[in-house]
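J.: Sharing work00.cif here; it has mmCIF, C-alpha atoms.
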```cif
data_query
#
loop_
_atom_site.group_PDB
_atom_site.id
_atom_site.type_symbol
_atom_site.label_atom_id
_atom_site.label_comp_id
_atom_site.auth_asym_id
_atom_site.auth_seq_id
_atom_site.Cartn_x
_atom_site.Cartn_y
_atom_site.Cartn_z
ATOM 1 C CA MET A 1 104.266 74.693 97.988
ATOM 2 C CA THR A 2 101.081 76.438 99.098
ATOM 3 C CA THR A 3 100.763 79.960 97.683
ATOM 4 C CA ILE A 4 99.123 82.706 99.743
ATOM 5 C CA GLY A 5 98.078 85.899 98.014
ATOM 6 C CA PHE A 6 98.299 89.194 99.893
ATOM 7 C CA LEU A 7 95.980 91.701 98.261
ATOM 8 C CA ALA A 8 97.412 95.193 97.996
ATOM 9 C CA CYS A 9 96.394 98.231 95.940
ATOM 10 C CA GLU A 10 98.109 100.601 93.548
ATOM 11 C CA THR A 11 99.154 103.010 96.295
ATOM 12 C CA THR A 12 100.459 100.444 98.779
ATOM 13 C CA LEU A 13 102.483 98.374 96.297
ATOM 14 C CA PRO A 14 106.167 99.330 96.145
ATOM 15 C CA THR A 15 107.081 101.521 93.185
ATOM 16 C CA GLY A 16 109.782 100.762 90.650
ATOM 17 C CA GLU A 17 112.660 103.149 90.040
ATOM 18 C CA ASP A 18 111.064 104.514 86.878
ATOM 19 C CA SER A 19 107.529 104.684 88.208
ATOM 20 C CA THR A 20 105.683 107.986 88.560
ATOM 21 C CA LYS A 21 103.234 106.421 90.997
ATOM 22 C CA VAL A 22 103.091 107.968 94.458
ATOM 23 C CA ARG A 23 102.645 105.622 97.419
ATOM 24 C CA ARG A 24 100.384 106.457 100.324
ATOM 25 C CA ASP A 25 102.127 108.007 103.307
ATOM 26 C CA ASP A 26 101.141 104.967 105.384
ATOM 27 C CA ALA A 27 102.363 102.410 102.823
ATOM 28 C CA PHE A 28 105.223 101.613 105.200
ATOM 29 C CA GLU A 29 102.631 99.654 107.188
ATOM 30 C CA HIS A 30 102.182 97.382 104.165
ATOM 31 C CA ASP A 31 105.950 96.841 104.153
ATOM 32 C CA LEU A 32 105.970 95.997 107.866
ATOM 33 C CA MET A 33 103.247 93.399 107.344
ATOM 34 C CA ILE A 34 105.123 91.735 104.484
ATOM 35 C CA ARG A 35 108.356 91.640 106.496
ATOM 36 C CA ALA A 36 106.522 90.004 109.386
ATOM 37 C CA LEU A 37 104.677 87.456 107.263
ATOM 38 C CA GLU A 38 107.268 86.288 104.730
ATOM 39 C CA PRO A 39 109.690 84.473 107.066
ATOM 40 C CA ALA A 40 106.926 83.035 109.241
ATOM 41 C CA PHE A 41 105.036 81.783 106.198
ATOM 42 C CA ALA A 42 108.167 80.325 104.608
ATOM 43 C CA ALA A 43 108.855 78.365 107.804
ATOM 44 C CA LYS A 44 105.449 76.702 107.341
ATOM 45 C CA GLY A 45 105.930 76.005 103.651
ATOM 46 C CA LEU A 46 103.804 78.930 102.515
ATOM 47 C CA GLU A 47 104.849 81.208 99.664
ATOM 48 C CA LEU A 48 103.611 84.791 100.004
ATOM 49 C CA LYS A 49 102.638 86.530 96.762
ATOM 50 C CA VAL A 50 101.671 90.218 96.831
ATOM 51 C CA ILE A 51 99.039 91.055 94.201
ATOM 52 C CA ASP A 52 97.095 94.204 93.310
ATOM 53 C CA TRP A 53 93.456 93.312 93.990
ATOM 54 C CA GLU A 54 92.516 94.910 90.665
ATOM 55 C CA ALA A 55 94.870 92.608 88.703
ATOM 56 C CA PRO A 56 93.300 90.306 86.067
ATOM 57 C CA ILE A 57 91.882 87.110 87.515
ATOM 58 C CA ASP A 58 94.486 84.962 85.738
ATOM 59 C CA GLU A 59 97.202 86.512 87.905
ATOM 60 C CA PHE A 60 95.700 84.534 90.769
ATOM 61 C CA ASP A 61 96.313 81.188 89.071
ATOM 62 C CA GLY A 62 97.959 78.822 91.538
ATOM 63 C CA VAL A 63 96.967 80.870 94.579
ATOM 64 C CA ASP A 64 95.377 78.737 97.299
ATOM 65 C CA LEU A 65 94.224 81.475 99.687
ATOM 66 C CA VAL A 66 94.171 85.264 99.624
ATOM 67 C CA MET A 67 94.342 87.671 102.531
ATOM 68 C CA LEU A 68 92.765 91.037 101.835
ATOM 69 C CA GLY A 69 95.936 92.707 103.064
ATOM 70 C CA SER A 70 96.442 96.365 102.222
ATOM 71 C CA ALA A 71 93.630 96.865 99.685
ATOM 72 C CA TRP A 72 93.177 100.285 101.209
ATOM 73 C CA ASN A 73 91.241 101.894 98.376
ATOM 74 C CA TYR A 74 88.376 99.389 98.444
ATOM 75 C CA GLN A 75 85.892 101.825 99.987
ATOM 76 C CA ASP A 76 85.926 103.988 96.866
ATOM 77 C CA ARG A 77 85.310 100.955 94.601
ATOM 78 C CA ALA A 78 83.231 98.803 96.897
ATOM 79 C CA ASP A 79 81.124 97.111 94.211
ATOM 80 C CA ALA A 80 84.177 96.203 92.116
ATOM 81 C CA PHE A 81 85.998 94.974 95.215
ATOM 82 C CA LEU A 82 83.151 92.698 96.234
ATOM 83 C CA ALA A 83 82.823 91.424 92.663
ATOM 84 C CA LYS A 84 86.531 90.511 92.603
ATOM 85 C CA LEU A 85 86.249 88.633 95.902
ATOM 86 C CA ASP A 86 83.239 86.730 94.537
ATOM 87 C CA SER A 87 85.167 85.864 91.380
ATOM 88 C CA LEU A 88 88.138 84.599 93.388
ATOM 89 C CA ALA A 89 85.906 82.466 95.591
ATOM 90 C CA ALA A 90 84.084 81.090 92.548
ATOM 91 C CA SER A 91 87.417 80.113 90.986
ATOM 92 C CA GLY A 92 88.267 77.990 94.017
ATOM 93 C CA VAL A 93 90.530 80.429 95.872
ATOM 94 C CA MET A 94 89.855 80.617 99.605
ATOM 95 C CA VAL A 95 89.231 84.275 100.461
ATOM 96 C CA CYS A 96 90.059 85.563 103.936
ATOM 97 C CA ASN A 97 88.142 87.160 105.163
ATOM 98 C CA SER A 98 85.301 85.700 103.115
ATOM 99 C CA PRO A 99 83.032 87.714 100.807
ATOM 100 C CA GLU A 100 80.182 87.034 103.244
ATOM 101 C CA VAL A 101 82.147 88.572 106.127
ATOM 102 C CA VAL A 102 83.170 91.520 103.952
ATOM 103 C CA ARG A 103 79.562 92.215 102.929
ATOM 104 C CA TRP A 104 78.512 92.248 106.573
ATOM 105 C CA ASN A 105 81.463 94.423 107.597
ATOM 106 C CA ILE A 106 81.692 96.863 104.694
ATOM 107 C CA ALA A 107 79.083 99.323 105.979
ATOM 108 C CA LYS A 108 79.438 100.547 109.550
ATOM 109 C CA THR A 109 75.734 99.821 110.067
ATOM 110 C CA TYR A 110 76.908 96.430 111.383
ATOM 111 C CA LEU A 111 77.429 98.319 114.657
ATOM 112 C CA ARG A 112 73.635 98.458 115.052
ATOM 113 C CA GLU A 113 73.511 94.663 114.928
ATOM 114 C CA LEU A 114 76.279 94.374 117.511
ATOM 115 C CA LYS A 115 74.384 96.788 119.753
ATOM 116 C CA GLU A 116 71.237 94.681 119.427
ATOM 117 C CA LYS A 117 73.284 91.729 120.663
ATOM 118 C CA GLY A 118 74.317 93.636 123.771
ATOM 119 C CA ALA A 119 77.668 95.081 122.709
ATOM 120 C CA ALA A 120 78.605 98.476 124.114
ATOM 121 C CA THR A 121 78.800 100.922 121.190
ATOM 122 C CA ILE A 122 79.363 104.655 120.716
ATOM 123 C CA PRO A 123 76.032 106.568 120.552
ATOM 124 C CA THR A 124 75.328 107.048 116.842
ATOM 125 C CA LEU A 125 72.827 108.713 114.541
ATOM 126 C CA TRP A 126 72.516 107.066 111.112
ATOM 127 C CA ARG A 127 71.700 109.310 108.172
ATOM 128 C CA GLU A 128 71.558 108.947 104.377
ATOM 129 C CA ASP A 129 73.207 112.366 104.263
ATOM 130 C CA VAL A 130 74.043 115.087 106.774
ATOM 131 C CA THR A 131 73.266 118.773 106.382
ATOM 132 C CA ALA A 132 74.159 121.696 108.617
ATOM 133 C CA LYS A 133 70.713 121.329 110.198
ATOM 134 C CA GLY A 134 71.465 117.671 110.850
ATOM 135 C CA VAL A 135 74.677 118.582 112.637
ATOM 136 C CA ILE A 136 72.796 120.935 114.961
ATOM 137 C CA GLU A 137 70.262 118.180 115.615
ATOM 138 C CA ALA A 138 73.047 115.769 116.550
ATOM 139 C CA LEU A 139 74.734 118.281 118.848
ATOM 140 C CA ASP A 140 71.424 118.721 120.667
ATOM 141 C CA VAL A 141 70.636 114.988 120.820
ATOM 142 C CA PHE A 142 74.059 114.159 122.251
ATOM 143 C CA GLU A 143 74.162 117.317 124.407
ATOM 144 C CA CYS A 144 77.747 117.962 123.375
ATOM 145 C CA ASP A 145 79.845 120.664 121.743
ATOM 146 C CA ARG A 146 81.510 118.575 119.022
ATOM 147 C CA VAL A 147 80.427 115.720 116.771
ATOM 148 C CA VAL A 148 82.267 113.527 114.294
ATOM 149 C CA VAL A 149 80.638 112.776 110.942
ATOM 150 C CA LYS A 150 81.927 109.587 109.290
ATOM 151 C CA ARG A 151 81.284 107.661 106.102
ATOM 152 C CA GLN A 152 79.175 104.533 106.543
ATOM 153 C CA VAL A 153 81.466 102.858 104.017
ATOM 154 C CA GLY A 154 84.926 104.141 104.711
ATOM 155 C CA ALA A 155 88.319 103.415 106.184
ATOM 156 C CA GLY A 156 91.258 105.198 107.750
ATOM 157 C CA ALA A 157 89.177 108.227 108.825
ATOM 158 C CA GLU A 158 89.165 109.408 105.200
ATOM 159 C CA GLY A 159 86.496 112.017 104.546
ATOM 160 C CA GLN A 160 85.738 112.347 108.250
ATOM 161 C CA GLU A 161 84.546 115.694 109.651
ATOM 162 C CA LEU A 162 84.918 117.044 113.196
ATOM 163 C CA ILE A 163 82.366 119.809 113.654
ATOM 164 C CA ALA A 164 82.026 122.063 116.693
ATOM 165 C CA ARG A 165 78.965 124.001 117.791
ATOM 166 C CA ASN A 166 80.868 127.293 117.481
ATOM 167 C CA THR A 167 82.199 126.543 113.981
ATOM 168 C CA LEU A 168 79.167 125.167 112.190
ATOM 169 C CA PRO A 169 79.288 124.735 108.402
ATOM 170 C CA GLY A 170 77.286 127.012 106.141
ATOM 171 C CA ALA A 171 73.580 126.433 105.620
ATOM 172 C CA ASP A 172 74.198 124.890 102.172
ATOM 173 C CA TRP A 173 76.779 122.352 103.439
ATOM 174 C CA SER A 174 76.139 118.629 103.164
ATOM 175 C CA PHE A 175 78.311 115.582 103.785
ATOM 176 C CA GLY A 176 77.260 114.128 100.458
ATOM 177 C CA GLN A 177 76.916 110.425 101.291
ATOM 178 C CA PRO A 178 75.482 107.982 103.836
ATOM 179 C CA ALA A 179 76.901 108.923 107.203
ATOM 180 C CA MET A 180 77.089 108.173 110.886
ATOM 181 C CA ILE A 181 77.266 110.949 113.464
ATOM 182 C CA GLN A 182 78.836 110.413 116.876
ATOM 183 C CA PRO A 183 79.675 112.676 119.802
ATOM 184 C CA PHE A 184 83.346 113.560 120.086
ATOM 185 C CA LEU A 185 84.672 111.649 123.098
ATOM 186 C CA PRO A 186 87.571 113.219 125.051
ATOM 187 C CA ALA A 187 89.127 109.790 125.618
ATOM 188 C CA ILE A 188 90.394 109.724 122.020
ATOM 189 C CA ALA A 189 92.774 112.580 122.839
ATOM 190 C CA GLN A 190 93.438 111.606 126.458
ATOM 191 C CA GLU A 191 93.853 107.831 126.617
ATOM 192 C CA GLY A 192 93.741 107.027 122.920
ATOM 193 C CA GLU A 193 92.074 104.152 121.114
ATOM 194 C CA LEU A 194 92.699 100.560 122.188
ATOM 195 C CA SER A 195 92.978 97.891 119.506
ATOM 196 C CA PHE A 196 92.730 94.147 120.103
ATOM 197 C CA ILE A 197 93.944 91.735 117.421
ATOM 198 C CA PHE A 198 92.348 88.275 117.144
ATOM 199 C CA ILE A 199 93.566 85.452 114.891
ATOM 200 C CA ASP A 200 91.026 82.670 114.299
ATOM 201 C CA GLY A 201 89.083 83.971 117.277
ATOM 202 C CA GLU A 202 92.047 83.815 119.644
ATOM 203 C CA PHE A 203 93.540 86.951 121.198
ATOM 204 C CA SER A 204 96.943 87.828 119.737
ATOM 205 C CA HIS A 205 97.993 91.248 121.030
ATOM 206 C CA ALA A 206 96.753 94.707 121.943
ATOM 207 C CA LEU A 207 98.010 98.244 121.471
ATOM 208 C CA ARG A 208 97.164 101.824 122.237
ATOM 209 C CA LYS A 209 96.882 104.287 119.350
ATOM 210 C CA CYS A 210 97.459 107.928 120.215
ATOM 211 C CA ALA A 211 96.732 111.026 118.176
ATOM 212 C CA ALA A 212 99.340 113.678 117.470
ATOM 213 C CA LYS A 213 99.118 116.924 119.418
ATOM 214 C CA GLY A 214 96.225 119.020 118.153
ATOM 215 C CA GLU A 215 94.800 116.082 116.194
ATOM 216 C CA TYR A 216 92.070 113.577 117.072
ATOM 217 C CA ARG A 217 92.571 110.984 114.320
ATOM 218 C CA ILE A 218 94.895 108.238 115.490
ATOM 219 C CA GLN A 219 96.001 106.820 112.133
ATOM 220 C CA SER A 220 99.639 107.196 111.076
ATOM 221 C CA LEU A 221 98.443 109.241 108.085
ATOM 222 C CA TYR A 222 97.681 112.014 110.570
ATOM 223 C CA GLY A 223 100.748 111.602 112.769
ATOM 224 C CA GLY A 224 99.266 109.000 115.106
ATOM 225 C CA THR A 225 101.569 106.682 117.026
ATOM 226 C CA GLU A 226 101.198 103.254 118.650
ATOM 227 C CA GLU A 227 102.502 101.624 121.790
ATOM 228 C CA ASN A 228 102.192 98.180 123.348
ATOM 229 C CA HIS A 229 99.273 97.663 125.679
ATOM 230 C CA ALA A 230 98.798 94.859 128.175
ATOM 231 C CA PRO A 231 95.002 94.682 128.551
ATOM 232 C CA SER A 232 93.370 94.185 131.901
ATOM 233 C CA HIS A 233 91.039 91.248 132.400
ATOM 234 C CA GLU A 234 88.028 93.522 131.936
ATOM 235 C CA GLU A 235 89.427 95.101 128.764
ATOM 236 C CA ALA A 236 90.179 91.720 127.203
ATOM 237 C CA LYS A 237 86.710 90.513 128.183
ATOM 238 C CA ALA A 238 85.094 93.542 126.524
ATOM 239 C CA ALA A 239 86.996 92.922 123.276
ATOM 240 C CA ARG A 240 86.246 89.195 123.256
ATOM 241 C CA ALA A 241 82.538 89.965 123.740
ATOM 242 C CA ILE A 242 82.582 91.638 120.307
ATOM 243 C CA ILE A 243 84.064 88.527 118.695
ATOM 244 C CA THR A 244 81.407 86.417 120.424
ATOM 245 C CA ALA A 245 78.651 88.718 119.136
ATOM 246 C CA LEU A 246 79.609 88.254 115.472
ATOM 247 C CA PRO A 247 76.877 86.519 113.436
ATOM 248 C CA PHE A 248 79.381 84.027 111.983
ATOM 249 C CA ASP A 249 82.315 81.913 113.096
ATOM 250 C CA PRO A 250 85.422 83.907 114.018
ATOM 251 C CA PRO A 251 87.192 85.040 110.834
ATOM 252 C CA LEU A 252 90.875 84.486 110.110
ATOM 253 C CA TYR A 253 91.693 87.911 111.512
ATOM 254 C CA ALA A 254 89.855 90.723 113.233
ATOM 255 C CA ARG A 255 90.862 93.987 114.853
ATOM 256 C CA ILE A 256 88.506 95.318 117.501
ATOM 257 C CA ASP A 257 88.954 99.062 118.050
ATOM 258 C CA MET A 258 87.572 100.373 121.335
ATOM 259 C CA LEU A 259 87.303 103.676 123.177
ATOM 260 C CA ARG A 260 86.660 104.395 126.827
ATOM 261 C CA MET A 261 83.313 105.973 127.623
ATOM 262 C CA GLU A 262 82.791 108.527 130.378
ATOM 263 C CA ASP A 263 81.639 105.774 132.760
ATOM 264 C CA GLY A 264 84.981 103.987 132.318
ATOM 265 C CA ALA A 265 83.656 101.090 130.211
ATOM 266 C CA LEU A 266 85.048 100.301 126.776
ATOM 267 C CA ALA A 267 82.785 100.645 123.739
ATOM 268 C CA VAL A 268 83.490 99.292 120.285
ATOM 269 C CA MET A 269 84.278 101.902 117.664
ATOM 270 C CA GLU A 270 84.843 99.459 114.840
ATOM 271 C CA ALA A 271 85.239 95.721 114.301
ATOM 272 C CA GLU A 272 87.673 95.674 111.380
ATOM 273 C CA MET A 273 87.561 92.463 109.344
ATOM 274 C CA ILE A 274 88.204 93.538 105.773
ATOM 275 C CA GLU A 275 91.757 94.840 105.370
ATOM 276 C CA PRO A 276 92.866 96.119 108.778
ATOM 277 C CA TYR A 277 96.504 96.808 109.547
ATOM 278 C CA LEU A 278 97.352 94.237 112.223
ATOM 279 C CA TYR A 279 100.319 96.002 113.878
ATOM 280 C CA PRO A 280 103.056 93.342 113.679
ATOM 281 C CA VAL A 281 105.527 95.550 115.555
ATOM 282 C CA GLN A 282 103.336 95.333 118.662
ATOM 283 C CA GLY A 283 102.635 91.644 117.969
ATOM 284 C CA PRO A 284 105.929 89.939 117.065
ATOM 285 C CA GLU A 285 104.204 86.533 116.960
ATOM 286 C CA LEU A 286 101.599 87.709 114.445
ATOM 287 C CA GLY A 287 103.282 86.132 111.425
ATOM 288 C CA GLU A 288 103.551 82.739 113.086
ATOM 289 C CA ARG A 289 99.979 82.887 114.382
ATOM 290 C CA LEU A 290 98.652 83.665 110.908
ATOM 291 C CA ALA A 291 100.818 80.985 109.285
ATOM 292 C CA VAL A 292 99.472 78.341 111.678
ATOM 293 C CA ALA A 293 95.863 79.465 111.192
ATOM 294 C CA ILE A 294 96.190 79.599 107.400
ATOM 295 C CA THR A 295 97.849 76.186 107.225
ATOM 296 C CA LYS A 296 94.955 74.746 109.214
ATOM 297 C CA ARG A 297 92.393 76.327 106.887
ATOM 298 C CA VAL A 298 94.098 75.258 103.673
ATOM 299 C CA SER A 299 94.560 71.705 104.968
ATOM 300 C CA ALA A 300 90.852 71.474 105.747
ATOM 301 C CA LYS A 301 89.825 72.806 102.334
#
```
Represent the structure of the file as C-alpha cells.

T.:
Amino acid sequence: MTTIGFLACETTLPTGEDSTKVRRDDAFEHDLMIRALEPAFAAKGLELKVIDWEAPIDEFDGVDLVMLGSAWNYQDRADAFLAKLDSLAASGVMVCNSPEVVRWNIAKTYLRELKEKGAATIPTLWREDVTAKGVIEALDVFECDRVVVKRQVGAGAEGQELIARNTLPGADWSFGQPAMIQPFLPAIAQEGELSFIFIDGEFSHALRKCAAKGEYRIQSLYGGTEENHAPSHEEAKAARAIITALPFDPPLYARIDMLRMEDGALAVMEAEMIEPYLYPVQGPELGERLAVAITKRVSAK
C-alpha cells in the first residue's frame, strides 16, 4: 500500500487524555481535513499517516509522499521547516508542495513577481520594518484612513496590525520584522474574501470567507465563517490567471485568496501553496480529487 504523510504540528495534532498540550482553536480544521481525506485515500489504496513535521526523520520511513497539511507553526521556524522538507526530499520522499515551491511562496514578496506578470494585486509597500512614521507615510501614499501591517513571512493573520489615522501608535512603536503595508479595503467587511481551490492546476471549489461583526480578519480563529460560492465566469478567470502566472508547473494544491477592489475587479491577496486549509466542507469532492492527483504523481515517480 502507498503511504501518504500528512504533516501536522504540535498544536494541530489531537491530544491524548493525559496530555497537557493545548490545541489551537482552529485545530478542528485539521480534523475536518483528515475526515475528508482518509476514506477517499483508502478507496484509492492510499494509507494516510499524520506526522508532526518536527518528528525525527526515521518516522518517515516507508512514506511515499507527504502533504504539508496543518504545519501551522512553520512561519516561526521557517529555516527548520525548509531544512526538514529538504531532508525528506533528499531521502526519496516526494514532498507536496515541493521545497522549491515553498521557498518561492514562503515570503509574501512573491506578490511582486505576480504583479510583474500582470496579476491584479493589492497596493503594497514593502518594508524591512515599520515605524509609526512609516505608518503615516503609508496612510498618505494610499490616501486612506486605515492600513494593515502584515508579516512578510506569516500565516493566519498572526501578528497583523490594523492601524487607523486617528489611533496611531506611539512614536517609539515598531512592527519589529519585515513587513508589508496595505490599505484597508472595505470589501473585506462587506463582501468578504473569496477563495478558489485548485488541485493539480484544475479548479475544485470556491467559497466566501466572512469576518465576524466588528472584526476584519476572516479566519476561524477570529470568529470568521465560510459559505459556498459559485464563481462567475470572470471571477474564475481572475483566479485561474494567478495559477497561470506561477513560475512553475501547477502544484498539487493551491488556494488563491482574492478581494474585490473598488473598481469591482478581483485582486489576489495571497496565493497559498504551503499548508493552506482547503475547506473540504465547501468542496465535498476534495478528498477524491487529491487522491486521484496523488496517485498519478506517485505512479509517475

J.: Could you state which residues are captured by the PyMOL selection byres ((chain A and resi 4) around 7) in this file, as an mmCIF file with C-alpha atoms, keeping the file's coordinate frame?

T.:
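Heads up, here's the output in result_4.cif:
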```
data_model
loop_
_atom_site.group_PDB
_atom_site.id
_atom_site.type_symbol
_atom_site.label_atom_id
_atom_site.label_comp_id
_atom_site.auth_asym_id
_atom_site.auth_seq_id
_atom_site.Cartn_x
_atom_site.Cartn_y
_atom_site.Cartn_z
ATOM 1 C CA THR A 2 101.081 76.438 99.098
ATOM 2 C CA THR A 3 100.763 79.960 97.683
ATOM 3 C CA GLY A 5 98.078 85.899 98.014
ATOM 4 C CA PHE A 6 98.299 89.194 99.893
ATOM 5 C CA LEU A 46 103.804 78.930 102.515
ATOM 6 C CA GLU A 47 104.849 81.208 99.664
ATOM 7 C CA LEU A 48 103.611 84.791 100.004
ATOM 8 C CA LYS A 49 102.638 86.530 96.762
ATOM 9 C CA VAL A 63 96.967 80.870 94.579
ATOM 10 C CA ASP A 64 95.377 78.737 97.299
ATOM 11 C CA LEU A 65 94.224 81.475 99.687
ATOM 12 C CA VAL A 66 94.171 85.264 99.624
#
```

J.: For a cut-off of 8 Å around (96.5, 94.2, 123.2), file coordinates, pick out all residues using only C-alpha atoms and list them as a ChimeraX atom specification.

T.: /A:194-197,204-208,228-231,236

J.: How many Å lie between CA of Met180 (chain A) and CA of Asp129 (chain A), rounded to one decimal?

T.: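 Pair CA of Met180 (chain A) / CA of Asp129 (chain A) returns 8.7 Å.
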
J.: Nearest to Glu137 (chain A) among A:Pro183, A:Gly154, A:Gly201, A:Gly170, with distances taken over all atoms listed in the file: which residue is it?

T.: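 Looking at the shortest contact to Glu137 (chain A), the residue is A:Pro183.
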
J.: Write out as a list in words each polymer residue whose atoms come within 9 Å of region 240-247 of chain A, counting all atoms listed in the file; drop sequence neighbours fewer than 6 positions from it.

T.: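 The residues that qualify are Glu113, Leu114, Lys117, Gly118, Ala119, Ala120, Phe196, Phe198, Gly201, Glu202, Phe203, Ala254, Ile256, Val268 and Ala271 of chain A.
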
J.: To test your reading of the syntax: which residues would the PyMOL selection byres ((chain A and resi 189) around 8) return for the file shown? Reply as a list of chain:residue names.

T.: A:Pro186, A:Ala187, A:Ile188, A:Gln190, A:Glu191, A:Gly192, A:Cys210, A:Ala211, A:Glu215, A:Tyr216

J.: Extract, using only C-alpha atoms, all DNA, RNA and protein residues at most 7 Å from region 8-12 of chain A, discarding same-chain residues fewer than 3 positions from it, and format them as a PyMOL selection string.

T.: chain A and resi 22-24+27+30+50-53+69-73

J.: Contacts of Ile294 (chain A) at 12 Å or less, counting all atoms listed in the file, minus same-chain residues fewer than 3 places along, as an MDAnalysis selection string?

T.: chainID A and resid 2:5 37 40:41 44:48 64:67 94:97 199:200 251:253 287:291 297:301

J.: Run the PyMOL selection byres ((chain A and resi 134) around 12) against the file shown and list the residues it catches, as a PyMOL selection string.

T.: chain A and resi 125-133+135-141+147+149+163+168-175+179-182

J.: Counting only C-alpha atoms, figure out which residue out of A:Ala239, A:Ala164, A:Ala36, A:Ala43 gets nearest to Arg146 (chain A).

T.: A:Ala164

J.: What gap, in Å, lies between CA of Ser98 (chain A) and CA of Thr295 (chain A)?

T.: 16.3 Å

J.: Would you work out the distance separating CA of Trp104 (chain A) from CA of Val153 (chain A), expressed in Å to one decimal?

T.: 11.3 Å

J.: Near Pro56 (chain A), within 12 Å and counting all atoms listed in the file, which residues show up once chain neighbours fewer than 4 positions away are dropped, as a list in words?

T.: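 Contacts, with the query itself left out: Ile51, Asp52, Phe60, Asp61, Lys84, Ser87 and Leu88 of chain A.
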
J.: Would you put the residues from that selection into a file with C-alpha atoms, as a compact mmCIF listing (two decimals), in the coordinates of the input?

T.:
```txt
# COMPACT_ATOMS: atom_id res chain seq x y z
CA ILE A 51 99.04 91.06 94.20
CA ASP A 52 97.10 94.20 93.31
CA PHE A 60 95.70 84.53 90.77
CA ASP A 61 96.31 81.19 89.07
CA LYS A 84 86.53 90.51 92.60
CA SER A 87 85.17 85.86 91.38
CA LEU A 88 88.14 84.60 93.39
```

J.: So, counting only C-alpha atoms, which residue among A:Leu162, A:Leu185, A:Met1, A:Val148 is closest to Gly264 (chain A)?

T.: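 Ranking A:Leu162, A:Leu185, A:Met1, A:Val148 by distance to Gly264 (chain A), first place goes to A:Leu185.
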